[in-house]
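Down below is the structure, laid out as structure tokens.
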Amino acid sequence: MTRSRFSYTALLAALCVALAVVMGLAVSFGSVRIPVGDVWAIVGARLAPGTFETWWTAARESIVIDSRLPRALTAAVVGASLAMAGAVAQAVTRNPLADPYLLGVSSGAGFMVVLVTVLGIGTGMLGVFTIPVAAFIGAMIPLFLALLIGGRYPQPTAIVLVGVALGQIFSALITFCLLVIADERHITGVMHWLAGGFGDARWSTLIFPTITLVVVGTALLFSSRWMDVLQTGDDGAAALGMNVRRFRVLSLLAVSVLAGAAVSVAGGIGFIGLLIPHLAGFIVGTRAIRLLPAAALLGAVAMVAADTAARSVAQSTEVPVGVITALVGAPIFVWMLYRQYRRLEQ
């Protein structure tokens with residue numbers, strides 16, 4: 001037991017180091033290459049003035065502090081949120097293909113962004129917060145509709161099915177607006193948002209998803225024991241005194257809030273919430289108290305790396321992060337499924 005606990009702690013420490021490394025590289029790479037040592041010196045000088053003697057230019061300091069660092073931190077928070085949300089969704093639904101968007105939050109957010117961008121509803125009302133706030137409100141609409149409609153039925157799967165149906169409805173509305181109402185300029189902007197990215201990341205837009213991750217993530221960690229109990233089956237969990245339906249609904253609510261906060265600042269980025277929980281489970285096992293922190297750190301590392309790749313693949317343009325996660329994540333997921341079913345056949 002002691003060795004296992006030590007190994008798990010060492011793994012989390014290694015993931016924290018990996019996150020620091022990829023964040024340093026993410027801030028270093030770009031049209032203006034800044035040495036990693038300079039990056040950490042600039043950050044250290046901001047955190048503890050007088051620690052380093054200034055040898056960098058004010059322009060480089062502005063690039064690090066005002067542009068690339070908040071972008072890297074936003075990517076880390078979004079990756080951690082989606083990975084943790086995906087792990088919880090798969091645990092409480094006992095469905096290995098569940099992801100954070102299973103209640104239609106991504107489609108709802110996208111539809112609200114289309115309304116703001118194409119129809120001009122509320123444009124500029126909240127400044128730089130207009131799109132994130134609109135996206136989060138849109139993400140919550142299918143969530144509450146799913147709880148309102150599906151919550152009337154005793155079967156917990158009804159909420160998920162209603163969420164899936166609502167996601168399809170909002171996706172159809174997005175397509176209709178883009179094809180019938182939007183012009184070419186609107187289509188380009190909306191499609192870029194739907195594919196996901198961190199080009200608009202700022203310190204101000206980082207606050208909400210970070211608070212959401214800390215609050216909701218802490219609550220999920222405290223309820224991890226009940227997630228493990230739920231794996232025994234609904235009847236077994238009920239026999240142990242658990243209100244299965246209420247716990248599942250609250251867990252799905254937490255999943256959707258995490259996903260909604262992530263989508264509000266990054267758009268719809270796929271495969272992180274689906275793939276990373278499987279990878280974390282392969283490494284640390286399926287106990288929720290071990291799985292959730294490992295998945296969050298792995299998700300943060302993966303998202304920062306994907307964002308760095310998205311900025312580096314093409315010289316003339318920035319590739320949407322969702323494209324990178326899909327191209328890399330889909331083959332890995334298929335390979336993991338192949339290994340799992342191959343093991344079951346043997």
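Going through the structure tokens in order, the chains are called A, B, and so on, while each chain numbers its residues from 1 and the ligands are numbered from 1 in the order shown.
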
Which residues come within 8 Å of Val64 in chain A, counting only C-alpha atoms, excluding same-chain residues fewer than 5 positions away, as a ChimeraX atom specification?
/A:27,39,42-43,69

Can you pull out the residues contacting range 289-301 of chain A? Cut-off 8 Å, using only C-alpha atoms, and skip same-chain residues under 6 positions away; I want them as a PyMOL selection string.
chain A and resi 8+12+15-16+18-19+22+75-84+87-88+221+224-225+272-273+276-277+279-281

Export, as an mmCIF file, in the first residue's frame, the selected residues with N, CA, C and O atoms.
data_model
loop_
_atom_site.group_PDB
_atom_site.id
_atom_site.type_symbol
_atom_site.label_atom_id
_atom_site.label_comp_id
_atom_site.auth_asym_id
_atom_site.auth_seq_id
_atom_site.Cartn_x
_atom_site.Cartn_y
_atom_site.Cartn_z
ATOM 1 N N TYR A 8 2.023 6.508 -6.928
ATOM 2 C CA TYR A 8 1.001 7.408 -7.437
ATOM 3 C C TYR A 8 1.417 8.863 -7.225
ATOM 4 O O TYR A 8 1.263 9.703 -8.117
ATOM 5 N N LEU A 12 1.998 11.784 -10.114
ATOM 6 C CA LEU A 12 1.412 13.118 -10.145
ATOM 7 C C LEU A 12 2.501 14.186 -10.213
ATOM 8 O O LEU A 12 2.354 15.188 -10.927
ATOM 9 N N LEU A 15 3.774 14.320 -13.698
ATOM 10 C CA LEU A 15 2.826 15.008 -14.578
ATOM 11 C C LEU A 15 2.887 16.525 -14.372
ATOM 12 O O LEU A 15 2.758 17.291 -15.339
ATOM 13 N N CYS A 16 3.084 16.957 -13.129
ATOM 14 C CA CYS A 16 3.230 18.389 -12.864
ATOM 15 C C CYS A 16 4.482 18.940 -13.547
ATOM 16 O O CYS A 16 4.458 20.040 -14.122
ATOM 17 N N ALA A 18 5.890 17.622 -16.219
ATOM 18 C CA ALA A 18 5.606 17.602 -17.658
ATOM 19 C C ALA A 18 4.758 18.799 -18.053
ATOM 20 O O ALA A 18 4.973 19.411 -19.114
ATOM 21 N N LEU A 19 3.792 19.170 -17.212
ATOM 22 C CA LEU A 19 2.953 20.330 -17.503
ATOM 23 C C LEU A 19 3.779 21.610 -17.521
ATOM 24 O O LEU A 19 3.614 22.468 -18.399
ATOM 25 N N VAL A 22 5.829 21.619 -20.863
ATOM 26 C CA VAL A 22 5.080 21.938 -22.080
ATOM 27 C C VAL A 22 4.573 23.371 -22.050
ATOM 28 O O VAL A 22 4.480 24.034 -23.101
ATOM 29 N N ALA A 75 -5.363 27.012 -21.859
ATOM 30 C CA ALA A 75 -5.348 25.673 -22.447
ATOM 31 C C ALA A 75 -5.233 24.601 -21.366
ATOM 32 O O ALA A 75 -5.902 23.563 -21.426
ATOM 33 N N ALA A 76 -4.396 24.837 -20.360
ATOM 34 C CA ALA A 76 -4.232 23.867 -19.276
ATOM 35 C C ALA A 76 -5.525 23.704 -18.493
ATOM 36 O O ALA A 76 -5.943 22.577 -18.175
ATOM 37 N N VAL A 77 -6.190 24.805 -18.169
ATOM 38 C CA VAL A 77 -7.437 24.746 -17.405
ATOM 39 C C VAL A 77 -8.535 24.053 -18.209
ATOM 40 O O VAL A 77 -9.276 23.202 -17.683
ATOM 41 N N VAL A 78 -8.637 24.379 -19.486
ATOM 42 C CA VAL A 78 -9.657 23.755 -20.338
ATOM 43 C C VAL A 78 -9.384 22.257 -20.486
ATOM 44 O O VAL A 78 -10.307 21.435 -20.390
ATOM 45 N N GLY A 79 -8.125 21.884 -20.710
ATOM 46 C CA GLY A 79 -7.796 20.470 -20.828
ATOM 47 C C GLY A 79 -8.102 19.708 -19.560
ATOM 48 O O GLY A 79 -8.659 18.592 -19.603
ATOM 49 N N ALA A 80 -7.763 20.278 -18.409
ATOM 50 C CA ALA A 80 -8.053 19.626 -17.130
ATOM 51 C C ALA A 80 -9.557 19.497 -16.913
ATOM 52 O O ALA A 80 -10.046 18.448 -16.451
ATOM 53 N N SER A 81 -10.299 20.538 -17.252
ATOM 54 C CA SER A 81 -11.751 20.519 -17.065
ATOM 55 C C SER A 81 -12.412 19.450 -17.927
ATOM 56 O O SER A 81 -13.260 18.673 -17.454
ATOM 57 N N LEU A 82 -12.047 19.392 -19.202
ATOM 58 C CA LEU A 82 -12.658 18.420 -20.109
ATOM 59 C C LEU A 82 -12.288 16.989 -19.729
ATOM 60 O O LEU A 82 -13.127 16.087 -19.779
ATOM 61 N N ALA A 83 -11.030 16.769 -19.348
ATOM 62 C CA ALA A 83 -10.605 15.422 -18.978
ATOM 63 C C ALA A 83 -11.307 14.947 -17.709
ATOM 64 O O ALA A 83 -11.773 13.799 -17.628
ATOM 65 N N MET A 84 -11.393 15.815 -16.705
ATOM 66 C CA MET A 84 -12.076 15.436 -15.472
ATOM 67 C C MET A 84 -13.569 15.216 -15.722
ATOM 68 O O MET A 84 -14.161 14.252 -15.224
ATOM 69 N N ALA A 87 -14.046 11.881 -17.426
ATOM 70 C CA ALA A 87 -13.876 10.755 -16.503
ATOM 71 C C ALA A 87 -15.122 10.552 -15.661
ATOM 72 O O ALA A 87 -15.573 9.410 -15.440
ATOM 73 N N VAL A 88 -15.707 11.639 -15.174
ATOM 74 C CA VAL A 88 -16.923 11.539 -14.363
ATOM 75 C C VAL A 88 -18.091 11.049 -15.205
ATOM 76 O O VAL A 88 -18.876 10.194 -14.769
ATOM 77 N N LEU A 221 -14.056 15.452 -6.355
ATOM 78 C CA LEU A 221 -13.090 14.654 -5.607
ATOM 79 C C LEU A 221 -13.676 14.178 -4.289
ATOM 80 O O LEU A 221 -13.461 13.025 -3.876
ATOM 81 N N SER A 224 -15.882 11.196 -4.867
ATOM 82 C CA SER A 224 -15.283 10.099 -5.638
ATOM 83 C C SER A 224 -15.625 8.731 -5.062
ATOM 84 O O SER A 224 -15.743 7.756 -5.813
ATOM 85 N N ARG A 225 -15.784 8.644 -3.736
ATOM 86 C CA ARG A 225 -16.111 7.339 -3.134
ATOM 87 C C ARG A 225 -17.434 6.818 -3.661
ATOM 88 O O ARG A 225 -17.584 5.614 -3.913
ATOM 89 N N ILE A 272 -10.388 15.166 -26.081
ATOM 90 C CA ILE A 272 -9.700 15.280 -24.801
ATOM 91 C C ILE A 272 -10.552 14.633 -23.706
ATOM 92 O O ILE A 272 -10.071 13.827 -22.906
ATOM 93 N N GLY A 273 -11.816 14.978 -23.652
ATOM 94 C CA GLY A 273 -12.704 14.415 -22.639
ATOM 95 C C GLY A 273 -13.042 12.965 -22.859
ATOM 96 O O GLY A 273 -13.472 12.285 -21.924
ATOM 97 N N ILE A 276 -8.576 11.023 -22.824
ATOM 98 C CA ILE A 276 -7.694 11.162 -21.666
ATOM 99 C C ILE A 276 -8.151 10.323 -20.472
ATOM 100 O O ILE A 276 -7.309 9.705 -19.802
ATOM 101 N N PRO A 277 -9.454 10.260 -20.139
ATOM 102 C CA PRO A 277 -9.845 9.390 -19.021
ATOM 103 C C PRO A 277 -9.460 7.923 -19.234
ATOM 104 O O PRO A 277 -9.079 7.231 -18.276
ATOM 105 N N LEU A 279 -6.852 6.892 -20.994
ATOM 106 C CA LEU A 279 -5.401 6.841 -20.824
ATOM 107 C C LEU A 279 -5.028 6.900 -19.340
ATOM 108 O O LEU A 279 -4.168 6.151 -18.873
ATOM 109 N N ALA A 280 -5.695 7.782 -18.598
ATOM 110 C CA ALA A 280 -5.433 7.876 -17.162
ATOM 111 C C ALA A 280 -5.833 6.593 -16.449
ATOM 112 O O ALA A 280 -5.111 6.120 -15.552
ATOM 113 N N GLY A 281 -6.957 6.001 -16.826
ATOM 114 C CA GLY A 281 -7.377 4.748 -16.215
ATOM 115 C C GLY A 281 -6.411 3.612 -16.514
ATOM 116 O O GLY A 281 -6.184 2.733 -15.668
#

Just the residues within 7 Å of Phe111 in chain A, please, counting only C-alpha atoms, with nothing from its chain fewer than 2 positions along; format it as a ChimeraX atom specification.
/A:107-109,113-115,138,170,173-174

Export, as a PDB file, in the first residue's frame, the selected residues with N, CA, C and O atoms.
ATOM      1  N   SER A 107     -23.169  21.998 -28.483  1.00  0.00           N
ATOM      2  CA  SER A 107     -24.068  22.486 -29.535  1.00  0.00           C
ATOM      3  C   SER A 107     -24.851  23.698 -29.069  1.00  0.00           C
ATOM      4  O   SER A 107     -25.058  24.650 -29.827  1.00  0.00           O
ATOM      5  N   GLY A 108     -25.294  23.671 -27.805  1.00  0.00           N
ATOM      6  CA  GLY A 108     -26.005  24.831 -27.271  1.00  0.00           C
ATOM      7  C   GLY A 108     -25.134  26.061 -27.242  1.00  0.00           C
ATOM      8  O   GLY A 108     -25.572  27.171 -27.586  1.00  0.00           O
ATOM      9  N   ALA A 109     -23.874  25.889 -26.819  1.00  0.00           N
ATOM     10  CA  ALA A 109     -22.946  27.015 -26.804  1.00  0.00           C
ATOM     11  C   ALA A 109     -22.698  27.539 -28.213  1.00  0.00           C
ATOM     12  O   ALA A 109     -22.673  28.753 -28.444  1.00  0.00           O
ATOM     13  N   VAL A 113     -23.405  31.338 -29.808  1.00  0.00           N
ATOM     14  CA  VAL A 113     -22.345  32.105 -30.467  1.00  0.00           C
ATOM     15  C   VAL A 113     -22.788  32.508 -31.872  1.00  0.00           C
ATOM     16  O   VAL A 113     -22.501  33.627 -32.328  1.00  0.00           O
ATOM     17  N   VAL A 114     -23.502  31.625 -32.560  1.00  0.00           N
ATOM     18  CA  VAL A 114     -24.023  31.959 -33.887  1.00  0.00           C
ATOM     19  C   VAL A 114     -25.009  33.113 -33.798  1.00  0.00           C
ATOM     20  O   VAL A 114     -24.984  34.043 -34.622  1.00  0.00           O
ATOM     21  N   LEU A 115     -25.878  33.087 -32.787  1.00  0.00           N
ATOM     22  CA  LEU A 115     -26.846  34.180 -32.637  1.00  0.00           C
ATOM     23  C   LEU A 115     -26.140  35.518 -32.421  1.00  0.00           C
ATOM     24  O   LEU A 115     -26.537  36.539 -32.988  1.00  0.00           O
ATOM     25  N   GLY A 138     -25.571  29.541 -23.534  1.00  0.00           N
ATOM     26  CA  GLY A 138     -26.039  28.567 -24.511  1.00  0.00           C
ATOM     27  C   GLY A 138     -25.769  27.139 -24.090  1.00  0.00           C
ATOM     28  O   GLY A 138     -26.586  26.239 -24.331  1.00  0.00           O
ATOM     29  N   PHE A 170     -29.797  21.541 -31.711  1.00  0.00           N
ATOM     30  CA  PHE A 170     -28.999  22.768 -31.741  1.00  0.00           C
ATOM     31  C   PHE A 170     -27.966  22.718 -32.866  1.00  0.00           C
ATOM     32  O   PHE A 170     -27.655  23.748 -33.470  1.00  0.00           O
ATOM     33  N   LEU A 173     -29.799  23.713 -35.902  1.00  0.00           N
ATOM     34  CA  LEU A 173     -30.046  25.159 -35.921  1.00  0.00           C
ATOM     35  C   LEU A 173     -28.795  25.930 -36.316  1.00  0.00           C
ATOM     36  O   LEU A 173     -28.872  26.945 -37.030  1.00  0.00           O
ATOM     37  N   ILE A 174     -27.636  25.461 -35.855  1.00  0.00           N
ATOM     38  CA  ILE A 174     -26.373  26.106 -36.246  1.00  0.00           C
ATOM     39  C   ILE A 174     -26.184  26.020 -37.758  1.00  0.00           C
ATOM     40  O   ILE A 174     -25.857  27.007 -38.424  1.00  0.00           O
TER      41      ILE A 174
END

Residue set, range 131-334 of chain A restricted to alpha helix (DSSP H), as number ranges by chain
A: 131-150, 157-176, 184-195, 203-222, 224-230, 234-239, 244-266, 272-284, 288-312, 321-334

Who sits within 12 Å of range 49-62 of chain A, only C-alpha atoms, same chain under 4 positions skipped, as a ChimeraX atom specification
/A:27-28,30-35,37-45,66-70

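Minimum atom-to-atom distances from A:Leu147, A:Gln231, A:Leu103, A:Leu250 to Leu166 in chain A were compared using only C-alpha atoms, and the lowest value belongs to A:Leu103.
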
With distances taken over only C-alpha atoms, which of A:Val323, A:Ile211, A:Ala309, A:Ala254 is nearest to Phe29 in chain A?
A:Ala309
